[in-house]
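Data block for upload20.txt (compact mmCIF, N, CA and C atoms):
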```
# COMPACT_ATOMS: atom_id res chain seq x y z
N MET O 269 -2.34 -4.45 -15.07
CA MET O 269 -2.12 -4.59 -13.65
C MET O 269 -1.20 -5.78 -13.43
N THR O 270 -0.21 -5.63 -12.58
CA THR O 270 0.74 -6.69 -12.32
C THR O 270 0.31 -7.42 -11.06
N SER O 271 0.45 -8.73 -11.06
CA SER O 271 0.06 -9.48 -9.87
C SER O 271 1.25 -9.81 -8.99
N GLY O 272 2.45 -9.74 -9.52
CA GLY O 272 3.63 -10.13 -8.76
C GLY O 272 4.41 -8.95 -8.24
N LEU O 273 5.44 -9.27 -7.51
CA LEU O 273 6.34 -8.26 -6.98
C LEU O 273 7.59 -8.24 -7.83
N ARG O 274 8.11 -7.06 -8.07
CA ARG O 274 9.37 -6.93 -8.79
C ARG O 274 10.41 -6.43 -7.80
N SER O 275 11.54 -7.08 -7.77
CA SER O 275 12.59 -6.69 -6.84
C SER O 275 13.89 -6.43 -7.57
N GLU O 276 14.62 -5.48 -7.08
CA GLU O 276 15.95 -5.21 -7.59
C GLU O 276 16.87 -5.17 -6.38
N LYS O 277 17.55 -6.27 -6.13
CA LYS O 277 18.43 -6.32 -4.97
C LYS O 277 19.67 -5.48 -5.24
N GLN O 278 20.01 -4.66 -4.28
CA GLN O 278 21.19 -3.83 -4.41
C GLN O 278 22.43 -4.59 -3.98
N GLU O 279 22.32 -5.43 -2.95
CA GLU O 279 23.42 -6.21 -2.44
C GLU O 279 22.87 -7.55 -1.97
N PRO O 280 23.69 -8.60 -1.93
CA PRO O 280 23.20 -9.89 -1.48
C PRO O 280 22.83 -9.89 0.01
N GLY O 281 21.96 -10.82 0.39
CA GLY O 281 21.59 -10.95 1.79
C GLY O 281 20.41 -10.08 2.16
N PRO O 282 20.13 -9.97 3.45
CA PRO O 282 18.96 -9.23 3.93
C PRO O 282 19.22 -7.73 4.02
N LEU O 283 19.81 -7.17 2.99
CA LEU O 283 20.12 -5.75 2.97
C LEU O 283 19.04 -5.00 2.20
N PRO O 284 19.15 -3.70 2.07
CA PRO O 284 18.10 -2.92 1.41
C PRO O 284 17.72 -3.42 0.02
N VAL O 285 16.43 -3.32 -0.27
CA VAL O 285 15.86 -3.79 -1.52
C VAL O 285 14.90 -2.73 -2.04
N ASN O 286 14.78 -2.62 -3.36
CA ASN O 286 13.76 -1.79 -3.98
C ASN O 286 12.72 -2.72 -4.58
N CYS O 287 11.45 -2.50 -4.33
CA CYS O 287 10.44 -3.30 -5.01
C CYS O 287 9.17 -2.49 -5.18
N GLN O 288 8.30 -2.99 -6.06
CA GLN O 288 7.10 -2.26 -6.45
C GLN O 288 6.02 -3.26 -6.84
N THR O 289 4.77 -2.89 -6.63
CA THR O 289 3.65 -3.71 -7.06
C THR O 289 2.47 -2.81 -7.40
N GLU O 290 1.46 -3.39 -8.03
CA GLU O 290 0.21 -2.68 -8.32
C GLU O 290 -0.94 -3.48 -7.74
N VAL O 291 -1.95 -2.77 -7.29
CA VAL O 291 -3.13 -3.42 -6.73
C VAL O 291 -4.34 -2.52 -6.95
N GLU O 292 -5.48 -3.14 -7.20
CA GLU O 292 -6.72 -2.38 -7.39
C GLU O 292 -7.45 -2.25 -6.06
N VAL O 293 -7.95 -1.05 -5.79
CA VAL O 293 -8.73 -0.80 -4.58
C VAL O 293 -10.15 -1.27 -4.84
N LYS O 294 -10.61 -2.24 -4.06
CA LYS O 294 -11.95 -2.78 -4.24
C LYS O 294 -12.87 -2.41 -3.09
N HIS O 295 -12.34 -1.72 -2.10
CA HIS O 295 -13.15 -1.29 -0.96
C HIS O 295 -14.26 -0.37 -1.46
N GLY O 296 -15.46 -0.57 -0.95
CA GLY O 296 -16.64 0.14 -1.42
C GLY O 296 -16.51 1.64 -1.55
N VAL O 297 -15.86 2.28 -0.61
CA VAL O 297 -15.74 3.74 -0.68
C VAL O 297 -14.28 4.19 -0.83
N GLY O 298 -13.41 3.26 -1.18
CA GLY O 298 -12.01 3.62 -1.38
C GLY O 298 -11.29 3.83 -0.06
N LEU O 299 -10.26 4.64 -0.10
CA LEU O 299 -9.47 4.89 1.11
C LEU O 299 -10.00 6.12 1.84
N HIS O 300 -11.14 5.94 2.51
CA HIS O 300 -11.65 7.01 3.37
C HIS O 300 -10.85 6.97 4.67
N ALA O 301 -11.32 7.60 5.72
CA ALA O 301 -10.52 7.76 6.93
C ALA O 301 -10.02 6.45 7.53
N ARG O 302 -10.91 5.51 7.80
CA ARG O 302 -10.51 4.29 8.49
C ARG O 302 -9.49 3.47 7.69
N PRO O 303 -9.75 3.17 6.40
CA PRO O 303 -8.74 2.42 5.64
C PRO O 303 -7.42 3.19 5.48
N SER O 304 -7.48 4.50 5.37
CA SER O 304 -6.24 5.29 5.25
C SER O 304 -5.41 5.18 6.51
N VAL O 305 -6.06 5.22 7.67
CA VAL O 305 -5.34 5.07 8.93
C VAL O 305 -4.73 3.68 9.02
N THR O 306 -5.49 2.65 8.64
CA THR O 306 -4.98 1.28 8.68
C THR O 306 -3.78 1.13 7.76
N PHE O 307 -3.87 1.69 6.56
CA PHE O 307 -2.78 1.61 5.58
C PHE O 307 -1.53 2.31 6.10
N THR O 308 -1.66 3.54 6.55
CA THR O 308 -0.48 4.30 7.00
C THR O 308 0.11 3.72 8.27
N ARG O 309 -0.73 3.20 9.15
CA ARG O 309 -0.22 2.57 10.38
C ARG O 309 0.65 1.36 10.03
N LEU O 310 0.17 0.54 9.09
CA LEU O 310 0.96 -0.62 8.66
C LEU O 310 2.24 -0.16 7.97
N ALA O 311 2.14 0.84 7.11
CA ALA O 311 3.32 1.35 6.40
C ALA O 311 4.37 1.85 7.39
N LYS O 312 3.94 2.53 8.43
CA LYS O 312 4.88 3.06 9.43
C LYS O 312 5.57 1.98 10.23
N SER O 313 5.03 0.77 10.22
CA SER O 313 5.63 -0.31 10.99
C SER O 313 6.87 -0.90 10.31
N PHE O 314 7.16 -0.45 9.09
CA PHE O 314 8.33 -0.93 8.36
C PHE O 314 9.39 0.16 8.31
N PRO O 315 10.69 -0.23 8.41
CA PRO O 315 11.78 0.76 8.45
C PRO O 315 12.18 1.31 7.09
N CYS O 316 11.48 0.96 6.02
CA CYS O 316 11.83 1.42 4.68
C CYS O 316 10.94 2.60 4.27
N SER O 317 11.31 3.26 3.19
CA SER O 317 10.45 4.31 2.65
C SER O 317 9.36 3.63 1.82
N ILE O 318 8.16 4.18 1.87
CA ILE O 318 7.03 3.63 1.14
C ILE O 318 6.33 4.79 0.44
N GLU O 319 6.11 4.60 -0.87
CA GLU O 319 5.45 5.64 -1.66
C GLU O 319 4.33 5.01 -2.48
N VAL O 320 3.33 5.84 -2.80
CA VAL O 320 2.15 5.38 -3.53
C VAL O 320 1.87 6.34 -4.68
N ALA O 321 1.57 5.78 -5.85
CA ALA O 321 1.11 6.56 -7.00
C ALA O 321 -0.27 6.03 -7.38
N VAL O 322 -1.17 6.92 -7.76
CA VAL O 322 -2.56 6.56 -8.02
C VAL O 322 -2.87 6.66 -9.52
N ASN O 323 -3.46 5.60 -10.07
CA ASN O 323 -3.94 5.57 -11.46
C ASN O 323 -2.92 6.04 -12.49
N GLY O 324 -1.71 5.52 -12.38
CA GLY O 324 -0.68 5.80 -13.38
C GLY O 324 -0.01 7.16 -13.25
N SER O 325 -0.32 7.89 -12.21
CA SER O 325 0.30 9.20 -12.00
C SER O 325 1.80 9.04 -11.77
N ASP O 326 2.56 10.06 -12.15
CA ASP O 326 3.98 10.09 -11.87
C ASP O 326 4.27 10.78 -10.54
N VAL O 327 3.22 11.18 -9.84
CA VAL O 327 3.38 11.83 -8.54
C VAL O 327 3.36 10.74 -7.46
N TRP O 328 4.46 10.64 -6.73
CA TRP O 328 4.59 9.64 -5.68
C TRP O 328 4.31 10.30 -4.33
N LEU O 329 3.40 9.71 -3.57
CA LEU O 329 2.99 10.23 -2.26
C LEU O 329 3.65 9.41 -1.15
N ASN O 330 3.94 10.06 -0.06
CA ASN O 330 4.49 9.38 1.11
C ASN O 330 3.42 8.44 1.67
N GLY O 331 3.66 7.12 1.60
CA GLY O 331 2.70 6.13 2.05
C GLY O 331 2.54 6.07 3.56
N LYS O 332 3.38 6.79 4.29
CA LYS O 332 3.28 6.82 5.75
C LYS O 332 2.57 8.08 6.24
N SER O 333 2.12 8.92 5.32
CA SER O 333 1.47 10.18 5.68
C SER O 333 -0.04 10.08 5.52
N ILE O 334 -0.76 10.14 6.62
CA ILE O 334 -2.22 10.09 6.57
C ILE O 334 -2.78 11.26 5.76
N ILE O 335 -2.14 12.41 5.86
CA ILE O 335 -2.59 13.59 5.10
C ILE O 335 -2.47 13.35 3.60
N LYS O 336 -1.33 12.80 3.16
CA LYS O 336 -1.12 12.55 1.73
C LYS O 336 -2.07 11.47 1.21
N ILE O 337 -2.24 10.39 1.96
CA ILE O 337 -3.09 9.29 1.51
C ILE O 337 -4.56 9.71 1.47
N MET O 338 -5.05 10.35 2.51
CA MET O 338 -6.44 10.81 2.50
C MET O 338 -6.65 11.91 1.47
N GLY O 339 -5.65 12.78 1.33
CA GLY O 339 -5.75 13.89 0.37
C GLY O 339 -5.79 13.43 -1.08
N ALA O 340 -5.32 12.22 -1.35
CA ALA O 340 -5.32 11.70 -2.72
C ALA O 340 -6.72 11.29 -3.18
N ARG O 341 -7.65 11.19 -2.24
CA ARG O 341 -9.04 10.81 -2.55
C ARG O 341 -9.10 9.55 -3.42
N ILE O 342 -8.51 8.50 -2.92
CA ILE O 342 -8.42 7.24 -3.65
C ILE O 342 -9.78 6.53 -3.58
N ARG O 343 -10.38 6.30 -4.73
CA ARG O 343 -11.72 5.72 -4.83
C ARG O 343 -11.67 4.24 -5.22
N LYS O 344 -12.81 3.59 -5.08
CA LYS O 344 -12.95 2.20 -5.53
C LYS O 344 -12.60 2.14 -7.02
N GLY O 345 -11.84 1.12 -7.40
CA GLY O 345 -11.42 0.96 -8.79
C GLY O 345 -10.09 1.62 -9.10
N SER O 346 -9.57 2.42 -8.19
CA SER O 346 -8.26 3.04 -8.41
C SER O 346 -7.18 1.98 -8.41
N ILE O 347 -6.16 2.20 -9.24
CA ILE O 347 -5.01 1.30 -9.27
C ILE O 347 -3.88 2.01 -8.52
N LEU O 348 -3.39 1.36 -7.48
CA LEU O 348 -2.29 1.90 -6.70
C LEU O 348 -1.00 1.21 -7.09
N ARG O 349 0.01 2.02 -7.35
CA ARG O 349 1.37 1.50 -7.47
C ARG O 349 2.03 1.81 -6.13
N ILE O 350 2.54 0.77 -5.51
CA ILE O 350 3.20 0.93 -4.22
C ILE O 350 4.65 0.53 -4.39
N ARG O 351 5.55 1.40 -3.95
CA ARG O 351 6.96 1.03 -4.02
C ARG O 351 7.59 1.26 -2.65
N ALA O 352 8.57 0.45 -2.37
CA ALA O 352 9.29 0.55 -1.10
C ALA O 352 10.78 0.44 -1.39
N ASP O 353 11.55 1.13 -0.59
CA ASP O 353 13.00 1.15 -0.76
C ASP O 353 13.63 1.05 0.62
N GLY O 354 14.44 0.03 0.81
CA GLY O 354 15.15 -0.11 2.08
C GLY O 354 14.96 -1.47 2.70
N ILE O 355 15.33 -1.54 3.96
CA ILE O 355 15.25 -2.79 4.71
C ILE O 355 13.79 -3.21 4.87
N LEU O 356 13.52 -4.48 4.63
CA LEU O 356 12.18 -5.09 4.71
C LEU O 356 11.21 -4.56 3.66
N ALA O 357 11.75 -4.03 2.56
CA ALA O 357 10.89 -3.47 1.51
C ALA O 357 9.95 -4.52 0.92
N GLU O 358 10.46 -5.72 0.65
CA GLU O 358 9.61 -6.76 0.07
C GLU O 358 8.48 -7.14 1.02
N GLU O 359 8.79 -7.27 2.29
CA GLU O 359 7.77 -7.60 3.29
C GLU O 359 6.72 -6.50 3.39
N ALA O 360 7.17 -5.26 3.32
CA ALA O 360 6.25 -4.12 3.39
C ALA O 360 5.29 -4.13 2.21
N ILE O 361 5.81 -4.33 1.02
CA ILE O 361 4.97 -4.37 -0.19
C ILE O 361 3.96 -5.51 -0.09
N ARG O 362 4.43 -6.67 0.32
CA ARG O 362 3.56 -7.84 0.44
C ARG O 362 2.44 -7.57 1.46
N ALA O 363 2.79 -6.99 2.60
CA ALA O 363 1.80 -6.72 3.66
C ALA O 363 0.78 -5.67 3.22
N LEU O 364 1.23 -4.60 2.58
CA LEU O 364 0.32 -3.54 2.15
C LEU O 364 -0.61 -4.01 1.03
N LYS O 365 -0.06 -4.77 0.08
CA LYS O 365 -0.88 -5.31 -1.00
C LYS O 365 -1.94 -6.25 -0.42
N GLY O 366 -1.54 -7.11 0.50
CA GLY O 366 -2.48 -8.03 1.14
C GLY O 366 -3.57 -7.29 1.89
N LEU O 367 -3.21 -6.23 2.58
CA LEU O 367 -4.20 -5.43 3.31
C LEU O 367 -5.25 -4.86 2.37
N ILE O 368 -4.83 -4.32 1.24
CA ILE O 368 -5.76 -3.76 0.26
C ILE O 368 -6.63 -4.86 -0.33
N GLU O 369 -6.02 -5.99 -0.67
CA GLU O 369 -6.79 -7.10 -1.24
C GLU O 369 -7.81 -7.67 -0.26
N ARG O 370 -7.56 -7.54 1.04
CA ARG O 370 -8.49 -8.02 2.07
C ARG O 370 -9.46 -6.92 2.49
N ASN O 371 -9.56 -5.85 1.69
CA ASN O 371 -10.44 -4.72 2.02
C ASN O 371 -10.17 -4.15 3.41
N PHE O 372 -8.90 -4.07 3.75
CA PHE O 372 -8.45 -3.43 4.99
C PHE O 372 -8.97 -4.15 6.23
N ASP O 373 -9.34 -5.42 6.06
CA ASP O 373 -9.84 -6.26 7.16
C ASP O 373 -11.09 -5.69 7.82
N GLU O 374 -11.81 -4.82 7.12
CA GLU O 374 -13.00 -4.21 7.74
C GLU O 374 -14.15 -5.19 7.93
N GLU O 375 -14.27 -6.20 7.07
CA GLU O 375 -15.35 -7.16 7.26
C GLU O 375 -15.18 -7.90 8.58
N LYS O 376 -13.94 -8.25 8.92
CA LYS O 376 -13.66 -8.95 10.18
C LYS O 376 -13.96 -8.05 11.37
N LYS O 377 -13.57 -6.78 11.28
CA LYS O 377 -13.74 -5.86 12.40
C LYS O 377 -15.20 -5.59 12.71
N HIS O 378 -16.03 -5.58 11.68
CA HIS O 378 -17.43 -5.19 11.86
C HIS O 378 -18.38 -6.36 11.75
N GLY O 379 -17.84 -7.58 11.75
CA GLY O 379 -18.68 -8.77 11.75
C GLY O 379 -19.42 -9.02 10.44
N ARG O 380 -18.97 -8.40 9.35
CA ARG O 380 -19.61 -8.62 8.05
C ARG O 380 -18.84 -9.67 7.30
N THR O 381 -19.52 -10.34 6.40
CA THR O 381 -18.83 -11.30 5.55
C THR O 381 -18.85 -10.80 4.13
N ALA O 382 -17.85 -11.17 3.38
CA ALA O 382 -17.73 -10.69 2.00
C ALA O 382 -18.72 -11.33 1.08
```
For this file, write the structure as structure tokens.
Amino acid sequence: MTSGLRSEKQEPGPLPVNCQTEVEVKHGVGLHARPSVTFTRLAKSFPCSIEVAVNGSDVWLNGKSIIKIMGARIRKGSILRIRADGILAEEAIRALKGLIERNFDEEKKHGRTA
């Protein structure tokens, strides 16, 4: 599992970037409905393409599609590879990885502590 972000800048400056990271899903029940909606909503807020592969699969899913993310049945312990291509790709990867690492902020929403 990689802890950092890998970037391949295509051109200098704030132009399109390709980057990828891996993160382990630690949420108790994985990406069920609520975390999937939170993930895809955040992904849609970025103007770049975002794709997800689960547990080393070579099948890349549209990270902005609630149907694809929920349909993948991502469970606790799954390793997600997230890649983004385009404007704000690095920010998108950083935000999505942080969301997963924070358990989709569900503890804050429901008044529970970790």
Q.
If we count only N, CA and C atoms and set the cut-off at 8 Å, which residues sit around Ala360 in chain O, ignoring sequence neighbours fewer than 6 positions away in its own chain? Please answer as number ranges by chain.
A. O: 310-311, 313-316, 351-352, 366
Just the selected residues (N, CA and C atoms), exported as a short mmCIF file (atom, residue, chain, number, x, y, z; two decimals), in the frame of the given file, please.
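Result file part-v1.cif:
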```
data_model
loop_
_atom_site.label_atom_id
_atom_site.label_comp_id
_atom_site.auth_asym_id
_atom_site.auth_seq_id
_atom_site.Cartn_x
_atom_site.Cartn_y
_atom_site.Cartn_z
N LEU O 310 0.17 0.54 9.09
CA LEU O 310 0.96 -0.62 8.66
C LEU O 310 2.24 -0.16 7.97
N ALA O 311 2.14 0.84 7.11
CA ALA O 311 3.32 1.35 6.40
C ALA O 311 4.37 1.85 7.39
N SER O 313 5.03 0.77 10.22
CA SER O 313 5.63 -0.31 10.99
C SER O 313 6.87 -0.90 10.31
N PHE O 314 7.16 -0.45 9.09
CA PHE O 314 8.33 -0.93 8.36
C PHE O 314 9.39 0.16 8.31
N PRO O 315 10.69 -0.23 8.41
CA PRO O 315 11.78 0.76 8.45
C PRO O 315 12.18 1.31 7.09
N CYS O 316 11.48 0.96 6.02
CA CYS O 316 11.83 1.42 4.68
C CYS O 316 10.94 2.60 4.27
N ARG O 351 5.55 1.40 -3.95
CA ARG O 351 6.96 1.03 -4.02
C ARG O 351 7.59 1.26 -2.65
N ALA O 352 8.57 0.45 -2.37
CA ALA O 352 9.29 0.55 -1.10
C ALA O 352 10.78 0.44 -1.39
N GLY O 366 -1.54 -7.11 0.50
CA GLY O 366 -2.48 -8.03 1.14
C GLY O 366 -3.57 -7.29 1.89
#
```
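Between His300 in chain O and the residues O:Arg370, O:Arg362, O:Arg343, O:Arg349, the shortest atom-to-atom distance, using all atoms listed in the file, involves O:Arg343.
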Q | Pick from O:Ala340, O:Ile350, O:Ala363, O:Ile355, whichever lies nearest to Leu299 in chain O using all atoms listed in the file | A | O:Ala340
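Taking only C-alpha atoms into account, Val320 in chain O lies nearest to O:Lys332 out of the set O:Lys294, O:Arg302, O:Lys332, O:Lys344.
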Ile334 in chain O surroundings by only C-alpha atoms, 9 Å radius, close-in-sequence under 2 positions cut, as a PDB file with N, CA and C atoms, keeping the file's coordinate frame:
```
ATOM      1  N   ALA O 301     -11.320   7.600   5.720  1.00  0.00           N
ATOM      2  CA  ALA O 301     -10.520   7.760   6.930  1.00  0.00           C
ATOM      3  C   ALA O 301     -10.020   6.450   7.530  1.00  0.00           C
ATOM      4  N   SER O 304      -7.480   4.500   5.370  1.00  0.00           N
ATOM      5  CA  SER O 304      -6.240   5.290   5.250  1.00  0.00           C
ATOM      6  C   SER O 304      -5.410   5.180   6.510  1.00  0.00           C
ATOM      7  N   VAL O 305      -6.060   5.220   7.670  1.00  0.00           N
ATOM      8  CA  VAL O 305      -5.340   5.070   8.930  1.00  0.00           C
ATOM      9  C   VAL O 305      -4.730   3.680   9.020  1.00  0.00           C
ATOM     10  N   PHE O 307      -3.870   1.690   6.560  1.00  0.00           N
ATOM     11  CA  PHE O 307      -2.780   1.610   5.580  1.00  0.00           C
ATOM     12  C   PHE O 307      -1.530   2.310   6.100  1.00  0.00           C
ATOM     13  N   THR O 308      -1.660   3.540   6.550  1.00  0.00           N
ATOM     14  CA  THR O 308      -0.480   4.300   7.000  1.00  0.00           C
ATOM     15  C   THR O 308       0.110   3.720   8.270  1.00  0.00           C
ATOM     16  N   ARG O 309      -0.730   3.200   9.150  1.00  0.00           N
ATOM     17  CA  ARG O 309      -0.220   2.570  10.380  1.00  0.00           C
ATOM     18  C   ARG O 309       0.650   1.360  10.030  1.00  0.00           C
ATOM     19  N   ASN O 330       3.940  10.060  -0.060  1.00  0.00           N
ATOM     20  CA  ASN O 330       4.490   9.380   1.110  1.00  0.00           C
ATOM     21  C   ASN O 330       3.420   8.440   1.670  1.00  0.00           C
ATOM     22  N   GLY O 331       3.660   7.120   1.600  1.00  0.00           N
ATOM     23  CA  GLY O 331       2.700   6.130   2.050  1.00  0.00           C
ATOM     24  C   GLY O 331       2.540   6.070   3.560  1.00  0.00           C
ATOM     25  N   LYS O 332       3.380   6.790   4.290  1.00  0.00           N
ATOM     26  CA  LYS O 332       3.280   6.820   5.750  1.00  0.00           C
ATOM     27  C   LYS O 332       2.570   8.080   6.240  1.00  0.00           C
ATOM     28  N   LYS O 336      -1.330  12.800   3.160  1.00  0.00           N
ATOM     29  CA  LYS O 336      -1.120  12.550   1.730  1.00  0.00           C
ATOM     30  C   LYS O 336      -2.070  11.470   1.210  1.00  0.00           C
ATOM     31  N   ILE O 337      -2.240  10.390   1.960  1.00  0.00           N
ATOM     32  CA  ILE O 337      -3.090   9.290   1.510  1.00  0.00           C
ATOM     33  C   ILE O 337      -4.560   9.710   1.470  1.00  0.00           C
ATOM     34  N   MET O 338      -5.050  10.350   2.510  1.00  0.00           N
ATOM     35  CA  MET O 338      -6.440  10.810   2.500  1.00  0.00           C
ATOM     36  C   MET O 338      -6.650  11.910   1.470  1.00  0.00           C
ATOM     37  N   GLY O 339      -5.650  12.780   1.330  1.00  0.00           N
ATOM     38  CA  GLY O 339      -5.750  13.890   0.370  1.00  0.00           C
ATOM     39  C   GLY O 339      -5.790  13.430  -1.080  1.00  0.00           C
TER      40      GLY O 339
END
```
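If you look at CA of Ser346 in chain O and CA of Ile318 in chain O, they are 18.0 Å away from each other.
One distance worth recording is that between CA of Gly354 in chain O and CA of Glu369 in chain O, which is 23.3 Å.
One finds atom C of Gly345 in chain O at 7.7 Å from CA of Asn323 in chain O.
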